[in-house]
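The block underneath contains the structure these notes are about, expressed in structure tokens.
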Amino acid sequence: MNDLHLHLVLNHFPLIGLAIGALVLLFGFLLKKPQVKTTALGIFIFSAIMAIVVNYTGEGAEHAVENLPDISEQYIETHEDAAELFLIMILVLGGISLVTLFLAIKKIKLEVYGYLLVILLVISTAFAAKDVGTSGGEIRHSEIRADGTINQQEFQKKIKTDDD
């Protein structure tokens with residue numbers, strides 16, 4: 001298994017982990033269950049660790065696709081920039097989650113502030129997650145590119161082929 005394959009297999013874990021962790025945290029607060037809230041913290045910590053692995057495989061994935069047809073360096077660079085910001089944000093979220101988990105286990109009243117920070121970081125990291133996921137998909141999936149340039153070219157080729 002090479003870096004490209006690992007990157008494609010693992011890149012969903014930090015994004016989906018963020019979403020699942022947010023839902024688990026929400027239910028922890030709604031149900032007033034400390035165990036559920038600490039489970040959410042564990043999910044955020046796991047997501048941060050997975051983001052490190054995904055980031056590590058990104059360079060190898062880039063080298064594997066950069067010379068393929070219809071792959072633009074612009075899309076790769078946009079994804080790299082978004083991934084860098086997301087990595088920083090999810091690592092901060094993972095770190096704050098780890099501290100909050102420690103505070104919760106030790107039953108230190110400061111855990112309330114930890115959870116408040118976690119909630120704020122989850123919301124802001126979700127925006128970065130959306131950007132990194134979308135920009136990564138745009139590298140190979142021309143049908144989702146916002147500019148539509150390749151979409152139009154492919155569409156025109158298809159119409160021309162269908163007419164012949």
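In the structure tokens, the first chain shown is A, the next is B, and so on; residue numbers restart at 1 for each chain, and ligands run from 1 in the order shown.
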May I have a table of the residues of stretch 71-158 of chain A lying at most 7 Å from stretch 30-51 of chain A, giving each one's closest pair of atoms and their distance in Å to one decimal, counting only C-alpha atoms, ordered by chain and ascending residue number, as JSON lines?
```
{"residue": "A:Leu87", "atom": "CA", "partner": "A:Ala51", "partner_atom": "CA", "distance": 6.3}
{"residue": "A:Ile90", "atom": "CA", "partner": "A:Ala48", "partner_atom": "CA", "distance": 5.4}
{"residue": "A:Leu91", "atom": "CA", "partner": "A:Ala48", "partner_atom": "CA", "distance": 5.3}
{"residue": "A:Leu93", "atom": "CA", "partner": "A:Phe44", "partner_atom": "CA", "distance": 6.9}
{"residue": "A:Gly94", "atom": "CA", "partner": "A:Ile45", "partner_atom": "CA", "distance": 4.4}
{"residue": "A:Ser97", "atom": "CA", "partner": "A:Leu41", "partner_atom": "CA", "distance": 5.1}
{"residue": "A:Leu98", "atom": "CA", "partner": "A:Ile45", "partner_atom": "CA", "distance": 6.6}
{"residue": "A:Leu101", "atom": "CA", "partner": "A:Thr38", "partner_atom": "CA", "distance": 6.1}
```
Would you save the residues of that selection, restricted to C-alpha atoms, as an mmCIF file, in the first residue's frame?
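Now in part.cif:
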```
data_model
loop_
_atom_site.group_PDB
_atom_site.id
_atom_site.type_symbol
_atom_site.label_atom_id
_atom_site.label_comp_id
_atom_site.auth_asym_id
_atom_site.auth_seq_id
_atom_site.Cartn_x
_atom_site.Cartn_y
_atom_site.Cartn_z
ATOM 1 C CA LEU A 87 -4.375 20.216 10.487
ATOM 2 C CA ILE A 90 -7.790 19.885 14.506
ATOM 3 C CA LEU A 91 -4.519 19.503 16.409
ATOM 4 C CA LEU A 93 -8.952 20.786 19.049
ATOM 5 C CA GLY A 94 -7.304 17.455 19.898
ATOM 6 C CA SER A 97 -9.862 17.844 24.124
ATOM 7 C CA LEU A 98 -7.018 15.997 25.828
ATOM 8 C CA LEU A 101 -10.547 14.966 29.265
#
```
> Excluding same-chain residues fewer than 4 positions from stretch 136-142 of chain A, what lies within 9 Å of it counting only C-alpha atoms, as a PyMOL selection string?
Replying inline: chain A and resi 65+70-76+78-80+82-83+131-132+146+148-151
Export C-alpha atoms of the chosen residues as a compact mmCIF listing (two decimals), in the first residue's frame?
```
# COMPACT_ATOMS: atom_id res chain seq x y z
CA VAL A 65 -1.24 12.27 -9.29
CA ASP A 70 -6.71 16.95 -16.04
CA ILE A 71 -4.82 17.41 -12.78
CA SER A 72 -3.92 21.02 -12.13
CA GLU A 73 -1.23 22.13 -9.72
CA GLN A 74 -3.66 24.87 -8.70
CA TYR A 75 -6.13 22.33 -7.28
CA ILE A 76 -3.36 20.52 -5.43
CA THR A 78 -5.46 24.89 -2.87
CA HIS A 79 -5.96 21.54 -1.15
CA GLU A 80 -2.54 21.71 0.51
CA ALA A 82 -6.68 24.08 3.20
CA ALA A 83 -5.18 20.90 4.67
CA ASP A 131 -12.73 23.42 2.65
CA VAL A 132 -10.17 20.63 2.85
CA ALA A 146 -16.76 25.40 -8.73
CA GLY A 148 -17.01 24.51 -14.13
CA THR A 149 -14.39 24.93 -16.86
CA ILE A 150 -13.56 21.27 -17.24
CA ASN A 151 -17.20 20.39 -16.74
```
>> Can you tell me which residues surround A:Leu121 at a distance of at most 9 Å, considering only C-alpha atoms, apart from same-chain residues fewer than 2 positions away, and format the answer as a PyMOL selection string?
In response: chain A and resi 89-90+92-93+96+116-119+123-126
>> Applying 9 Å and only C-alpha atoms, which residues near A:Thr57 remain after dropping the ones on its own chain fewer than 2 positions away? List them as a list of chain:residue names.
In response: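 Everything that qualifies: A:Asn2, A:Asp3, A:Leu4, A:His5, A:Leu6, A:His7, A:Ile52, A:Val53, A:Val54, A:Asn55, A:Glu59, A:Gly60, A:Ala61, A:Glu62.
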Just all heavy atoms for this one: save the residues we selected as a short mmCIF file (atom, residue, chain, number, x, y, z; two decimals), in the first residue's frame.
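This went into part.cif:
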```cif
data_model
loop_
_atom_site.label_atom_id
_atom_site.label_comp_id
_atom_site.auth_asym_id
_atom_site.auth_seq_id
_atom_site.Cartn_x
_atom_site.Cartn_y
_atom_site.Cartn_z
N ASN A 2 0.68 2.15 -0.94
CA ASN A 2 1.51 3.34 -1.04
C ASN A 2 0.81 4.54 -0.38
O ASN A 2 -0.31 4.45 0.10
CB ASN A 2 1.86 3.64 -2.50
CG ASN A 2 0.63 3.88 -3.35
OD1 ASN A 2 -0.43 4.25 -2.86
ND2 ASN A 2 0.77 3.68 -4.65
N ASP A 3 1.52 5.68 -0.38
CA ASP A 3 0.98 6.88 0.26
C ASP A 3 -0.34 7.34 -0.36
O ASP A 3 -1.24 7.79 0.36
CB ASP A 3 1.99 8.02 0.19
CG ASP A 3 3.08 7.91 1.25
OD1 ASP A 3 2.97 7.04 2.13
OD2 ASP A 3 4.03 8.71 1.19
N LEU A 4 -0.45 7.22 -1.68
CA LEU A 4 -1.69 7.64 -2.34
C LEU A 4 -2.87 6.82 -1.82
O LEU A 4 -3.91 7.36 -1.44
CB LEU A 4 -1.57 7.51 -3.85
CG LEU A 4 -2.86 7.75 -4.64
CD1 LEU A 4 -3.37 9.17 -4.44
CD2 LEU A 4 -2.66 7.46 -6.11
N HIS A 5 -2.69 5.51 -1.79
CA HIS A 5 -3.76 4.63 -1.33
C HIS A 5 -4.11 4.92 0.13
O HIS A 5 -5.29 5.04 0.49
CB HIS A 5 -3.37 3.17 -1.53
CG HIS A 5 -4.50 2.24 -1.35
ND1 HIS A 5 -4.42 1.13 -0.55
CD2 HIS A 5 -5.77 2.24 -1.84
CE1 HIS A 5 -5.59 0.50 -0.55
NE2 HIS A 5 -6.42 1.14 -1.32
N LEU A 6 -3.10 5.04 0.97
CA LEU A 6 -3.35 5.35 2.39
C LEU A 6 -4.06 6.69 2.54
O LEU A 6 -4.99 6.82 3.34
CB LEU A 6 -2.03 5.39 3.16
CG LEU A 6 -1.50 4.07 3.66
CD1 LEU A 6 -0.09 4.24 4.23
CD2 LEU A 6 -2.41 3.47 4.70
N HIS A 7 -3.62 7.68 1.76
CA HIS A 7 -4.24 9.00 1.84
C HIS A 7 -5.72 8.93 1.48
O HIS A 7 -6.56 9.50 2.17
CB HIS A 7 -3.50 9.97 0.91
CG HIS A 7 -3.87 11.41 1.11
ND1 HIS A 7 -3.42 12.14 2.19
CD2 HIS A 7 -4.64 12.24 0.38
CE1 HIS A 7 -3.91 13.36 2.11
NE2 HIS A 7 -4.66 13.46 1.03
N ILE A 52 -2.89 13.72 11.43
CA ILE A 52 -1.43 13.69 11.30
C ILE A 52 -1.02 12.65 10.27
O ILE A 52 -0.20 12.91 9.38
CB ILE A 52 -0.76 13.40 12.66
CG1 ILE A 52 -1.01 14.54 13.63
CG2 ILE A 52 0.74 13.14 12.49
CD1 ILE A 52 -0.63 14.23 15.07
N VAL A 53 -1.61 11.47 10.35
CA VAL A 53 -1.30 10.39 9.41
C VAL A 53 -1.69 10.80 7.99
O VAL A 53 -0.92 10.61 7.04
CB VAL A 53 -2.01 9.08 9.82
CG1 VAL A 53 -1.78 7.99 8.78
CG2 VAL A 53 -1.55 8.63 11.20
N VAL A 54 -2.87 11.36 7.84
CA VAL A 54 -3.34 11.78 6.52
C VAL A 54 -2.42 12.85 5.95
O VAL A 54 -2.05 12.82 4.77
CB VAL A 54 -4.81 12.27 6.58
CG1 VAL A 54 -5.23 12.90 5.27
CG2 VAL A 54 -5.74 11.10 6.92
N ASN A 55 -2.03 13.80 6.78
CA ASN A 55 -1.12 14.86 6.33
C ASN A 55 0.22 14.28 5.89
O ASN A 55 0.79 14.70 4.89
CB ASN A 55 -0.93 15.89 7.43
CG ASN A 55 -0.15 17.08 6.97
OD1 ASN A 55 -0.60 17.85 6.11
ND2 ASN A 55 1.04 17.24 7.50
N GLU A 59 1.95 14.25 0.71
CA GLU A 59 3.01 14.55 -0.25
C GLU A 59 3.19 13.40 -1.25
O GLU A 59 3.33 13.62 -2.45
CB GLU A 59 4.32 14.81 0.50
CG GLU A 59 5.36 15.53 -0.31
CD GLU A 59 4.98 16.96 -0.67
OE1 GLU A 59 4.31 17.64 0.13
OE2 GLU A 59 5.35 17.40 -1.76
N GLY A 60 3.15 12.17 -0.74
CA GLY A 60 3.26 11.01 -1.63
C GLY A 60 2.06 10.91 -2.58
O GLY A 60 2.21 10.55 -3.75
N ALA A 61 0.89 11.27 -2.07
CA ALA A 61 -0.30 11.27 -2.91
C ALA A 61 -0.17 12.31 -4.02
O ALA A 61 -0.54 12.07 -5.17
CB ALA A 61 -1.55 11.54 -2.07
N GLU A 62 0.38 13.46 -3.68
CA GLU A 62 0.58 14.52 -4.68
C GLU A 62 1.50 14.03 -5.79
O GLU A 62 1.22 14.21 -6.98
CB GLU A 62 1.16 15.77 -4.04
CG GLU A 62 1.48 16.86 -5.04
CD GLU A 62 2.13 18.09 -4.43
OE1 GLU A 62 2.37 18.11 -3.21
OE2 GLU A 62 2.39 19.02 -5.21
#
```
> Pick the closest to A:Ala64 from A:Val99, A:Leu85, A:Leu8, A:Leu110: which is it, counting only C-alpha atoms?
Replying inline: A:Leu8
>> From a backbone DSSP assignment, name each residue in chain A labelled alpha helix (DSSP H), as JSON, numbers by chain.
In response: {"A": [3, 4, 5, 6, 7, 8, 9, 10, 12, 13, 14, 15, 16, 17, 18, 19, 20, 21, 22, 23, 24, 25, 26, 27, 28, 29, 30, 31, 34, 35, 36, 37, 38, 39, 40, 41, 42, 43, 44, 45, 46, 47, 48, 49, 50, 51, 52, 53, 54, 55, 56, 57, 58, 59, 60, 61, 62, 63, 64, 65, 73, 74, 75, 76, 77, 78, 79, 80, 81, 82, 83, 84, 85, 86, 87, 88, 89, 90, 91, 92, 93, 94, 95, 96, 97, 98, 99, 100, 101, 102, 103, 104, 105, 111, 112, 113, 114, 115, 116, 117, 118, 119, 120, 121, 122, 123, 124, 125, 126, 127, 128, 129, 130, 131, 132, 133, 134, 135, 136, 137, 138, 139, 140, 149, 150, 151, 152, 153, 154, 155, 156, 157, 158, 159, 160, 161, 162, 163]}
> Restricting the calculation to only C-alpha atoms, which member of A:Val122, A:Leu10, A:Leu68, A:Ile88 is positioned closest to A:Leu25?
Replying inline: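 Of A:Val122, A:Leu10, A:Leu68, A:Ile88, the one nearest A:Leu25, counting only C-alpha atoms, is A:Val122.
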